[in-house]
Every structure is written in structure tokens, then in C-alpha cells.
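Trainee: My structure file entry39.cif, mmCIF, C-alpha atoms, is below:
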data_target
#
loop_
_atom_site.label_atom_id
_atom_site.label_comp_id
_atom_site.auth_asym_id
_atom_site.auth_seq_id
_atom_site.Cartn_x
_atom_site.Cartn_y
_atom_site.Cartn_z
CA MET T 23 -16.14 -59.41 -16.67
CA GLY T 24 -12.75 -60.32 -15.22
CA ILE T 25 -10.50 -58.29 -12.98
CA LEU T 26 -8.21 -57.30 -15.88
CA ASP T 27 -11.17 -56.08 -17.92
CA LYS T 28 -12.35 -53.99 -14.97
CA ALA T 29 -8.85 -52.54 -14.52
CA LYS T 30 -8.67 -51.60 -18.22
CA GLU T 31 -12.07 -49.91 -18.01
CA ILE T 32 -11.11 -47.91 -14.93
CA SER T 33 -7.75 -47.00 -16.46
CA SER T 34 -9.48 -45.76 -19.60
CA LYS T 35 -11.89 -43.59 -17.59
CA VAL T 36 -9.04 -42.07 -15.56
CA SER T 37 -7.07 -41.36 -18.74
CA GLU T 38 -10.08 -39.61 -20.32
CA SER T 39 -10.64 -37.55 -17.18
CA VAL T 40 -7.02 -36.43 -17.04
CA THR T 41 -7.09 -35.50 -20.74
CA ASP T 42 -10.30 -33.49 -20.29
CA PHE T 43 -8.93 -31.86 -17.14
CA SER T 44 -5.75 -30.68 -18.82
CA SER T 45 -7.49 -29.15 -21.84
CA ASP T 46 -6.37 -25.68 -22.87
CA GLU T 47 -9.72 -24.15 -21.96
CA VAL T 48 -9.68 -25.61 -18.44
CA ILE T 49 -6.13 -24.34 -17.92
CA ALA T 50 -7.05 -20.88 -19.25
CA ASN T 51 -10.11 -20.69 -16.95
CA THR T 52 -8.00 -21.76 -13.98
CA ILE T 53 -5.44 -19.06 -14.71
CA ILE T 54 -8.15 -16.41 -15.02
CA LYS T 55 -9.71 -17.41 -11.69
CA ALA T 56 -6.35 -17.49 -9.92
CA VAL T 57 -5.38 -14.03 -11.21
CA GLU T 58 -8.78 -12.63 -10.20
CA LYS T 59 -8.24 -14.04 -6.71
CA GLN T 60 -4.75 -12.50 -6.58
CA GLU T 61 -6.10 -9.08 -7.53
CA LYS T 62 -8.91 -9.23 -4.96
CA VAL T 63 -6.60 -10.32 -2.16
CA ASN T 64 -4.02 -7.66 -3.05
CA ARG T 65 -6.74 -4.99 -3.04
CA LEU T 66 -7.90 -6.15 0.42
CA LEU T 67 -4.34 -6.23 1.74
CA LYS T 68 -3.74 -2.70 0.48
CA GLU T 69 -7.04 -1.44 2.00
CA LYS T 70 -6.06 -2.95 5.35
CA GLY T 71 -2.71 -1.17 5.26
CA SER T 72 -0.68 -4.35 4.91
CA ASN T 73 2.68 -4.18 3.21
CA TYR T 74 2.37 -7.75 1.88
CA ARG T 75 1.08 -8.69 -1.56
CA VAL T 76 0.43 -11.89 -3.46
CA SER T 77 3.21 -11.81 -6.01
CA ASP T 78 3.36 -15.27 -7.57
CA ILE T 79 0.87 -17.88 -8.68
CA GLU T 80 1.85 -21.49 -9.25
CA LEU T 81 -0.64 -23.86 -10.88
CA GLU T 82 -0.25 -27.60 -10.85
CA MET T 83 -2.71 -29.40 -13.07
CA GLY T 84 -2.63 -32.76 -11.33
CA ILE T 85 -5.03 -34.85 -9.35
CA PRO T 86 -5.97 -33.00 -7.25
CA PRO T 87 -5.11 -29.69 -8.90
CA THR T 88 -3.33 -27.13 -6.74
CA VAL T 89 -2.95 -23.37 -6.80
CA SER T 90 -0.19 -21.85 -4.68
CA PHE T 91 0.29 -18.15 -4.03
CA GLY T 92 3.66 -16.56 -3.24
CA ILE T 93 3.74 -13.61 -0.86
CA ARG T 94 6.19 -10.70 -0.89
CA ARG T 95 6.70 -7.66 1.27
CA VAL T 96 6.43 -4.33 -0.51
CA ASP T 97 7.76 -0.94 0.46
CA LYS T 98 4.77 1.31 1.16
CA GLN T 99 6.64 4.27 -0.34
CA VAL T 100 7.14 2.59 -3.72
CA GLU T 101 4.20 2.58 -6.10
CA GLN T 102 3.98 -0.04 -8.80
CA PRO T 103 3.89 1.43 -12.34
CA SER T 104 0.47 1.26 -13.91
CA PHE T 105 -0.09 -0.19 -17.35
CA ASP T 106 -1.02 3.31 -18.54
CA ASN T 107 2.48 4.53 -17.64
CA VAL T 108 4.02 1.59 -19.48
CA ARG T 109 1.93 2.35 -22.58
CA GLU T 110 2.84 6.05 -22.39
CA ASN T 111 6.56 5.24 -22.10
CA ARG T 112 6.34 2.81 -25.01
CA THR T 113 4.65 5.44 -27.19
CA ILE T 114 7.37 7.96 -26.35
CA VAL T 115 10.11 5.46 -27.23
CA GLU T 116 8.38 4.49 -30.49
CA ASN T 117 7.90 8.14 -31.47
CA ASN T 118 11.51 9.01 -30.63
CA SER T 119 12.90 6.02 -32.52
CA GLY T 120 11.51 7.49 -35.74
CA ASN T 121 13.51 10.70 -35.21
CA ASN T 122 16.87 8.92 -35.64
CA GLN T 123 16.45 8.35 -39.39
#
Mind turning this structure into C-alpha cells?
Mentor:
Amino acid sequence: MGILDKAKEISSKVSESVTDFSSDEVIANTIIKAVEKQEKVNRLLKEKGSNYRVSDIELEMGIPPTVSFGIRRVDKQVEQPSFDNVRENRTIVENNSGNNQ
């Protein structure tokens, strides 16, 4: 086997690995793990009385893959709205929109 044949074989293996690595399922699993990490860290930061939170996640599906977290400072007096509040507000808006007919 010549050098060019070896190079083609290696290139083919790398190409297959990159294709497998960037599959939708791998990306979805990576996102889930990164969000779980964000939630755990934010919970710990809040328990420790810190006014910093992980606010952004940036995923780069390269070789090697990278996950970067953005940090922001939050006002301790301001509470983030819960999803329950958002659902309640949406229900109110939807119910009120039917009254305009």
C-alpha cells in the first residue's frame, strides 16, 4: 500500500468520524448535558449567595468539541419569571382574546 492509499484511508476514516460526531442525536445529547450543567451550576451559585449566573451556552461541534458558558451578574432583588407564570399569562391572554369578537 502506497502513501497516497494510506492518506485516502485515513481521510475516509476522519470524514466518517466527523459525520458521526455531528449527527443530530449527538448534538441533541450535547445540548441536554450542557443545559443540565448550567442548571446545576446556577442552583449552586444561588445557594452560595452569588449574584452571578450562567446565562449563555455556546456549543462548537468541531475537533475537539467545545462548550463555552457565558456569565452574567443578576440583581438579587429581581426574580426570574417561572414557566408557570408564563403559562398563566398566556392562558389569560388567550381567554381575553376570545372576548373581543
Trainee: Would you pick out the contacts of T:Ile53 at 12 Å or less, using only C-alpha atoms, so that residues sharing its chain but fewer than 6 positions from it are not included, and give the list as a ChimeraX atom specification?
Mentor: /T:46-47,59-60,78-83,88-90
Trainee: I want to know what sits within 10 Å of T:Ile93, based on only C-alpha atoms, with residues of the same chain fewer than 2 positions away left out; could you give that as a PyMOL selection string?
Mentor: chain T and resi 74-79+90-91+95-96
Trainee: Mind giving me the straight-line distance from atom CA of T:Leu67 to atom CA of T:Asp97 in Å, one decimal?
Mentor: 13.3 Å
Trainee: What does the distance from atom CA of T:Val48 to atom CA of T:Lys30 come to in Å, to one decimal?
Mentor: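 Between atom CA of T:Val48 and atom CA of T:Lys30 the gap works out to 26.0 Å.
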Trainee: Quick one: distance from atom CA of T:Ser72 to atom CA of T:Ile54 in Å, one decimal?
Mentor: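 So the two atoms, atom CA of T:Ser72 and atom CA of T:Ile54, lie 24.5 Å apart.
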Trainee: Give, as JSON, the centre coordinates and the x, y and z edge lengths in Å to one decimal for an axis-aligned box around all listed atoms of stretch 47-57 of chain T, padded by 6 Å on each side.
Mentor:
{"center_x": -7.7, "center_y": -19.8, "center_z": -15.9, "size_x": 16.7, "size_y": 23.6, "size_z": 24.0}
